[in-house]
>>> print(open('entry_32.tsv').read())   # TSV, C-alpha atoms
chain	number	residue	atom	x	y	z
A	1	THR	CA	222.47	80.29	122.70
A	2	ARG	CA	218.88	79.65	121.62
A	3	ARG	CA	218.29	78.24	118.16
A	4	PRO	CA	215.82	79.81	115.69
A	5	LEU	CA	212.46	77.98	115.63
A	6	LEU	CA	213.04	76.16	112.32
A	7	GLN	CA	216.51	75.03	113.41
A	8	THR	CA	215.04	73.78	116.70
A	9	ILE	CA	212.40	71.76	114.81
A	10	HIS	CA	215.15	70.26	112.64
A	11	TYR	CA	217.24	69.37	115.68
A	12	LEU	CA	214.32	67.71	117.50
A	13	SER	CA	213.44	65.75	114.35
A	14	PHE	CA	216.98	64.40	114.09
A	15	TRP	CA	217.04	63.61	117.82
A	16	THR	CA	213.79	61.64	117.41
A	17	LEU	CA	215.25	59.71	114.48
A	18	SER	CA	218.27	58.64	116.53
A	19	HIS	CA	216.06	57.47	119.40
A	20	LEU	CA	213.83	55.46	117.07
A	21	PHE	CA	216.85	53.33	116.14
A	22	ARG	CA	217.98	53.19	119.74
A	23	GLY	CA	214.87	51.25	120.76
A	24	LYS	CA	214.31	47.52	120.53
A	25	PRO	CA	213.10	46.21	118.21
A	26	GLN	CA	214.64	48.59	115.73
A	27	PRO	CA	212.59	49.95	112.79
A	28	ALA	CA	212.25	47.58	109.81
A	29	MET	CA	214.99	47.50	107.19
A	30	GLU	CA	212.98	49.48	104.62
A	31	TYR	CA	212.70	52.41	107.05
A	32	ALA	CA	216.42	52.28	107.76
A	33	ILE	CA	217.17	52.36	104.03
A	34	ALA	CA	214.91	55.39	103.65
A	35	ALA	CA	216.72	57.18	106.50
A	36	LEU	CA	220.25	56.75	105.13
A	37	PRO	CA	220.21	59.56	102.52
A	38	MET	CA	219.01	62.00	105.19
A	39	LEU	CA	221.74	60.80	107.55
A	40	GLY	CA	224.30	61.58	104.84
A	41	ILE	CA	223.00	65.16	104.73
A	42	LEU	CA	222.98	65.46	108.52
A	43	LEU	CA	226.62	64.37	108.76
A	44	ASP	CA	227.47	67.49	106.73
A	45	HIS	CA	225.38	69.78	108.98
A	46	PRO	CA	227.18	72.74	110.59
A	47	ASP	CA	225.49	72.14	113.97
A	48	VAL	CA	227.69	69.84	116.11
A	49	GLU	CA	224.70	68.41	117.98
A	50	VAL	CA	222.91	67.49	114.75
A	51	VAL	CA	226.03	65.66	113.51
A	52	ARG	CA	226.27	63.90	116.89
A	53	ASP	CA	222.67	62.65	116.63
A	54	ALA	CA	223.32	61.43	113.09
A	55	LEU	CA	226.34	59.50	114.37
A	56	TRP	CA	224.24	58.08	117.22
A	57	THR	CA	221.71	56.83	114.66
A	58	LEU	CA	224.41	55.11	112.63
A	59	LEU	CA	225.92	53.63	115.79
A	60	TYR	CA	222.55	52.11	116.72
A	61	MET	CA	222.22	50.77	113.17
A	62	THR	CA	225.60	49.02	113.52
A	63	THR	CA	224.17	47.04	116.46
A	64	GLY	CA	221.24	45.82	114.34
A	65	GLY	CA	222.87	42.74	112.87
A	66	LYS	CA	224.87	41.83	109.81
A	67	ASP	CA	222.24	42.89	107.25
A	68	MET	CA	221.84	46.32	108.81
A	69	VAL	CA	225.62	46.80	108.95
A	70	GLY	CA	225.94	45.73	105.33
A	71	MET	CA	223.34	48.34	104.41
A	72	VAL	CA	225.30	51.07	106.24
A	73	ILE	CA	228.49	50.09	104.39
A	74	ALA	CA	226.69	49.98	101.02
A	75	SER	CA	225.36	53.50	101.66
A	76	GLY	CA	228.92	54.89	101.40
A	77	LEU	CA	228.57	56.83	104.66
A	78	MET	CA	231.60	55.37	106.47
A	79	PRO	CA	234.04	58.06	105.20
A	80	LYS	CA	231.71	60.67	106.72
A	81	VAL	CA	231.67	58.69	109.96
A	82	PHE	CA	235.49	58.83	109.98
A	83	ARG	CA	235.27	62.61	109.83
A	84	GLY	CA	233.89	62.34	113.35
A	85	PHE	CA	237.38	61.27	114.51
A	86	SER	CA	238.60	64.85	114.02
A	87	SER	CA	235.47	66.55	115.37
A	88	ILE	CA	235.84	69.31	117.97
A	89	ASP	CA	233.11	67.46	119.88
A	90	GLU	CA	234.58	64.65	122.00
A	91	LYS	CA	231.28	62.77	122.15
A	92	SER	CA	231.15	62.68	118.35
A	93	GLN	CA	234.69	61.25	118.30
A	94	MET	CA	233.66	58.52	120.76
A	95	ILE	CA	230.54	57.60	118.80
A	96	ALA	CA	232.43	57.50	115.49
A	97	LEU	CA	235.03	55.12	116.98
A	98	GLN	CA	232.34	52.85	118.43
A	99	ALA	CA	230.44	52.77	115.13
A	100	THR	CA	233.66	51.91	113.26
A	101	GLY	CA	234.51	49.09	115.67
A	102	ASN	CA	230.98	47.67	115.52
A	103	THR	CA	230.87	47.84	111.73
A	104	LEU	CA	234.17	46.08	111.10
A	105	CYS	CA	233.55	43.41	113.78
A	106	SER	CA	230.16	42.53	112.27
A	107	ILE	CA	231.51	41.60	108.84
A	108	PRO	CA	234.73	39.60	109.36
A	109	GLU	CA	234.66	38.28	105.79
A	110	HIS	CA	234.95	41.85	104.42
A	111	ARG	CA	237.00	43.39	107.25
A	112	GLN	CA	240.39	43.31	105.55
A	113	GLU	CA	239.05	44.74	102.31
A	114	LEU	CA	237.30	47.63	104.07
A	115	ILE	CA	240.17	48.48	106.41
A	116	VAL	CA	242.58	48.73	103.48
A	117	LYS	CA	240.16	50.47	101.11
A	118	LEU	CA	239.09	53.08	103.69
A	119	ASN	CA	242.56	53.51	105.34
A	120	VAL	CA	241.00	52.88	108.74
A	121	PHE	CA	244.26	52.47	110.67
A	122	GLU	CA	245.70	55.70	109.30
A	123	LYS	CA	242.58	57.53	110.45
A	124	ILE	CA	242.62	56.09	113.99
A	125	VAL	CA	246.37	56.40	114.74
A	126	PRO	CA	246.32	60.23	115.19
A	127	LEU	CA	243.88	59.69	118.07
A	128	LEU	CA	246.65	57.91	120.04
A	129	ALA	CA	248.76	61.08	120.32
A	130	PRO	CA	249.60	62.40	123.84
A	131	HIS	CA	247.64	65.66	123.38
A	132	ILE	CA	244.41	63.71	122.71
A	133	SER	CA	242.15	63.20	125.73
A	134	ARG	CA	242.48	60.02	127.78
A	135	LEU	CA	238.93	58.95	126.93
A	136	ILE	CA	239.48	59.18	123.18
A	137	ARG	CA	242.85	57.40	123.32
A	138	LYS	CA	241.27	54.59	125.29
A	139	GLN	CA	238.41	54.29	122.80
A	140	ALA	CA	240.87	54.35	119.88
A	141	CYS	CA	242.79	51.45	121.47
A	142	TRP	CA	239.50	49.57	121.93
A	143	ALA	CA	238.68	50.05	118.24
A	144	LEU	CA	242.13	48.80	117.17
A	145	THR	CA	241.88	45.76	119.46
A	146	HIS	CA	238.55	44.74	117.99
A	147	ILE	CA	239.43	45.12	114.32
A	148	THR	CA	243.09	44.03	114.18
A	149	PRO	CA	243.35	40.30	115.06
A	150	ALA	CA	242.26	38.88	111.72
A	151	THR	CA	245.17	38.18	109.37
A	152	PRO	CA	248.95	38.67	109.26
A	153	TYR	CA	248.38	41.10	106.38
A	154	LEU	CA	246.16	43.33	108.54
A	155	VAL	CA	248.66	43.26	111.40
A	156	GLN	CA	251.39	44.34	108.99
A	157	LYS	CA	249.11	47.17	107.84
A	158	LEU	CA	248.73	48.18	111.50
A	159	ILE	CA	252.52	48.27	111.90
A	160	ASP	CA	252.93	50.22	108.64
A	161	SER	CA	250.36	52.80	109.82
A	162	GLY	CA	252.75	53.93	112.57
A	163	ALA	CA	250.52	52.74	115.43
A	164	ILE	CA	253.19	50.83	117.37
A	165	GLY	CA	255.18	53.89	118.52
A	166	PRO	CA	252.18	55.72	120.06
A	167	LEU	CA	250.96	52.46	121.62
A	168	CYS	CA	254.36	51.95	123.29
A	169	GLU	CA	254.21	55.50	124.66
A	170	ILE	CA	250.75	54.81	126.11
A	171	ILE	CA	252.03	51.61	127.73
A	172	LYS	CA	254.71	53.69	129.50
A	173	THR	CA	252.14	56.06	131.04
A	174	PRO	CA	251.11	55.64	134.71
A	175	ASP	CA	247.44	55.25	133.72
A	176	PHE	CA	246.78	51.53	134.27
A	177	GLU	CA	243.47	51.33	132.37
A	178	LEU	CA	244.95	53.13	129.39
A	179	GLN	CA	248.06	50.93	129.53
A	180	LYS	CA	245.91	47.81	129.47
A	181	GLU	CA	243.91	48.91	126.41
A	182	ALA	CA	247.10	49.70	124.46
A	183	ALA	CA	248.75	46.44	125.53
A	184	MET	CA	245.74	44.43	124.37
A	185	VAL	CA	246.23	45.83	120.85
A	186	ILE	CA	249.81	44.46	120.86
A	187	THR	CA	248.93	41.02	122.27
A	188	GLY	CA	245.96	40.76	119.90
A	189	ALA	CA	248.19	41.59	116.93
A	190	LEU	CA	250.75	38.98	118.04
A	191	SER	CA	248.03	36.32	118.01
A	192	SER	CA	247.86	36.40	114.22
A	193	GLY	CA	250.51	38.73	112.90
A	194	PRO	CA	254.19	38.96	112.02
A	195	LEU	CA	256.67	39.32	114.86
A	196	CYS	CA	258.67	42.09	113.20
A	197	GLY	CA	257.91	45.30	115.03
A	198	LEU	CA	255.96	43.64	117.86
A	199	LEU	CA	258.60	42.09	120.15
A	200	LYS	CA	259.86	45.48	121.37
A	201	PRO	CA	256.38	46.67	122.47
A	202	LEU	CA	255.88	43.25	124.04
A	203	GLY	CA	258.93	44.03	126.18
A	204	GLU	CA	257.38	47.37	127.17
A	205	ILE	CA	254.28	45.53	128.42
A	206	ILE	CA	256.39	43.09	130.43
A	207	LYS	CA	258.27	45.95	132.14
A	208	GLU	CA	255.03	47.29	133.61
A	209	LYS	CA	254.10	45.93	137.05
A	210	PRO	CA	251.69	44.78	138.29
A	211	LEU	CA	249.99	43.16	135.29
A	212	ASP	CA	246.23	42.73	135.14
A	213	ASN	CA	245.24	39.02	135.16
A	214	HIS	CA	243.44	39.25	131.82
A	215	LEU	CA	246.41	41.01	130.26
A	216	LEU	CA	248.84	38.56	131.84
A	217	ILE	CA	247.04	35.61	130.23
A	218	ALA	CA	247.05	37.37	126.85
A	219	LEU	CA	250.75	38.10	127.31
A	220	LEU	CA	251.60	34.46	128.10
A	221	VAL	CA	249.57	33.26	125.10
A	222	SER	CA	251.51	35.71	122.90
A	223	LEU	CA	254.84	34.49	124.30
A	224	ARG	CA	253.85	30.89	123.63
A	225	LYS	CA	253.12	31.82	120.03
A	226	VAL	CA	256.58	33.40	119.69
A	227	VAL	CA	258.30	30.35	121.22
A	228	LEU	CA	256.42	27.91	118.98
A	229	LEU	CA	257.24	29.98	115.91
A	230	GLY	CA	260.91	29.95	116.88
A	231	GLN	CA	260.79	26.16	117.21
A	232	THR	CA	259.29	25.94	113.74
A	233	LEU	CA	261.97	28.21	112.28
A	234	GLY	CA	264.81	26.38	113.99
A	235	SER	CA	266.23	23.15	112.61
A	236	ARG	CA	266.17	19.87	114.54
A	237	GLY	CA	268.63	19.75	117.41
A	238	LYS	CA	269.46	23.47	117.31
A	239	SER	CA	268.47	26.24	119.69
A	240	ASN	CA	265.40	28.38	119.13
A	241	PRO	CA	266.49	31.27	116.84
A	242	LEU	CA	264.06	33.61	118.62
A	243	ALA	CA	265.31	32.75	122.11
A	244	LYS	CA	267.61	35.78	122.37
A	245	ALA	CA	264.86	38.16	121.19
A	246	ILE	CA	262.45	36.66	123.73
A	247	GLU	CA	265.00	37.01	126.53
A	248	GLU	CA	265.60	40.66	125.61
A	249	THR	CA	261.90	41.42	126.15
A	250	GLY	CA	262.30	40.44	129.83
A	251	ALA	CA	259.81	37.59	129.42
A	252	VAL	CA	262.04	34.94	131.01
A	253	ARG	CA	262.54	37.05	134.14
A	254	THR	CA	258.81	37.74	134.40
A	255	ILE	CA	257.92	34.05	134.07
A	256	ASN	CA	260.49	33.14	136.74
A	257	GLU	CA	258.99	35.79	139.05
A	258	LEU	CA	255.52	34.35	138.43
A	259	MET	CA	256.68	30.81	139.20
A	260	ALA	CA	258.43	31.98	142.37
A	261	PHE	CA	255.27	33.82	143.44
A	262	MET	CA	253.15	30.72	142.79
A	263	ASP	CA	255.58	28.53	144.76
A	264	MET	CA	255.40	31.00	147.66
A	265	GLN	CA	251.59	30.98	147.55
A	266	VAL	CA	251.54	27.17	147.61
A	267	THR	CA	254.02	27.09	150.50
A	268	GLN	CA	251.94	29.56	152.49
A	269	ALA	CA	248.79	27.53	151.86
A	270	GLU	CA	250.33	24.23	153.06
A	271	PRO	CA	249.14	23.16	156.52
A	272	PRO	CA	251.87	22.97	159.19
A	273	LEU	CA	253.34	19.56	159.83
A	274	ASN	CA	252.12	17.86	162.99
A	275	PRO	CA	254.89	17.38	165.51
>>> encode(input="entry_32.tsv", output="structure tokens")
Amino acid sequence: TRRPLLQTIHYLSFWTLSHLFRGKPQPAMEYAIAALPMLGILLDHPDVEVVRDALWTLLYMTTGGKDMVGMVIASGLMPKVFRGFSSIDEKSQMIALQATGNTLCSIPEHRQELIVKLNVFEKIVPLLAPHISRLIRKQACWALTHITPATPYLVQKLIDSGAIGPLCEIIKTPDFELQKEAAMVITGALSSGPLCGLLKPLGEIIKEKPLDNHLLIALLVSLRKVVLLGQTLGSRGKSNPLAKAIEETGAVRTINELMAFMDMQVTQAEPPLNP
């Protein structure tokens, strides 16, 4: 349907604003500061396309460096960005997730405080549900991967948010790309977080074959972390107390299969012996 003239002028103005921040170099900081109050109004606009352009503008701002990101956070607009997660417009959901990931990755020193204060995990987890589109679930996994590996406290907050169950369900799906994104959340969390609640999903990853090389490396690094932790927990001369839990994940069988495959590759590559 055609918009009334005034509404069309508004829409084109907002579209122009978003494209100004898309360009390089971006407008100076003082112009960005002046635009933020208007962006707050636009995020409340009833027109889906206007809201989408406002989100685009904020996404471009989050690529403008630490100072620009800090300005976006100080503006108090992030809760309105999160509203984009539940938008009826899939593009707005995607943009909101990207802006959230960019924002929290740009300020590692304040990441934990913001994630807890704004309940970021609790807002992203519903986007992992089976009825949500593949594209959004994949983007939600990407966001979790990029903001989770920071501290054991944050990983525990991820577990408490109820994310692990939906991630395990995604890992069981036949969609390899989606599986990989969900699995990277788990291996990233294991790199700095508590083991409680993460060994079972690690087993789900190991069950899936074949494993992507990048994921396989992340998986082996995670397993090494678990083994080393078990050695630390165990007393001198006694067995690793985490050995049974590791074996139950299927990790030992997978490593043996990998070693057998490597031995076979080496054997096939050896030149035949001269008679």
>>> residues_around(input="entry_32.tsv", residues="A:His214", least_positions_apart="3", cutoff="12 Å", atoms="all atoms listed in the file", output="list in words")
Lys180, Glu181, Ala183, Met184, Thr187, Pro210, Leu211, Ile217, Ala218, Leu219, Leu220 and Val221 of chain A
>>> atom_distance(input="entry_32.tsv", atom1="atom CA of A:Thr173", atom2="atom CA of A:Lys138")
12.4 Å
>>> residues_around(input="entry_32.tsv", residues="stretch 42-46 of chain A", least_positions_apart="4", cutoff="9 Å", atoms="all atoms listed in the file", output="list in words")
Phe14, Pro37, Met38, Val50, Val51, Arg52, Asp53, Ala54, Leu55, Leu77, Lys80, Val81, Arg83 and Gly84 of chain A
>>> residues_near_point(input="entry_32.tsv", point="(214.3, 64.2, 115.2)", cutoff="12 Å", atoms="all atoms listed in the file", output="MDAnalysis selection string")
chainID A and resid 7:21 35 38:39 42 49:51 53:54 56:57
>>> write_last_selection(input="entry_32.tsv", atoms="C-alpha atoms", output="PDB file, keeping the file's coordinate frame")
ATOM      1  CA  GLN A   7     216.510  75.030 113.410  1.00  0.00           C
ATOM      2  CA  THR A   8     215.040  73.780 116.700  1.00  0.00           C
ATOM      3  CA  ILE A   9     212.400  71.760 114.810  1.00  0.00           C
ATOM      4  CA  HIS A  10     215.150  70.260 112.640  1.00  0.00           C
ATOM      5  CA  TYR A  11     217.240  69.370 115.680  1.00  0.00           C
ATOM      6  CA  LEU A  12     214.320  67.710 117.500  1.00  0.00           C
ATOM      7  CA  SER A  13     213.440  65.750 114.350  1.00  0.00           C
ATOM      8  CA  PHE A  14     216.980  64.400 114.090  1.00  0.00           C
ATOM      9  CA  TRP A  15     217.040  63.610 117.820  1.00  0.00           C
ATOM     10  CA  THR A  16     213.790  61.640 117.410  1.00  0.00           C
ATOM     11  CA  LEU A  17     215.250  59.710 114.480  1.00  0.00           C
ATOM     12  CA  SER A  18     218.270  58.640 116.530  1.00  0.00           C
ATOM     13  CA  HIS A  19     216.060  57.470 119.400  1.00  0.00           C
ATOM     14  CA  LEU A  20     213.830  55.460 117.070  1.00  0.00           C
ATOM     15  CA  PHE A  21     216.850  53.330 116.140  1.00  0.00           C
ATOM     16  CA  ALA A  35     216.720  57.180 106.500  1.00  0.00           C
ATOM     17  CA  MET A  38     219.010  62.000 105.190  1.00  0.00           C
ATOM     18  CA  LEU A  39     221.740  60.800 107.550  1.00  0.00           C
ATOM     19  CA  LEU A  42     222.980  65.460 108.520  1.00  0.00           C
ATOM     20  CA  GLU A  49     224.700  68.410 117.980  1.00  0.00           C
ATOM     21  CA  VAL A  50     222.910  67.490 114.750  1.00  0.00           C
ATOM     22  CA  VAL A  51     226.030  65.660 113.510  1.00  0.00           C
ATOM     23  CA  ASP A  53     222.670  62.650 116.630  1.00  0.00           C
ATOM     24  CA  ALA A  54     223.320  61.430 113.090  1.00  0.00           C
ATOM     25  CA  TRP A  56     224.240  58.080 117.220  1.00  0.00           C
ATOM     26  CA  THR A  57     221.710  56.830 114.660  1.00  0.00           C
TER      27      THR A  57
END
>>> closest_residue(input="entry_32.tsv", among="A:Val125, A:Ile147, A:Ile186, A:Ile164", to="A:Thr103", atoms="only C-alpha atoms")
A:Ile147
>>> atom_distance(input="entry_32.tsv", atom1="atom CA of A:Lys123", atom2="atom CA of A:Ile33")
26.7 Å
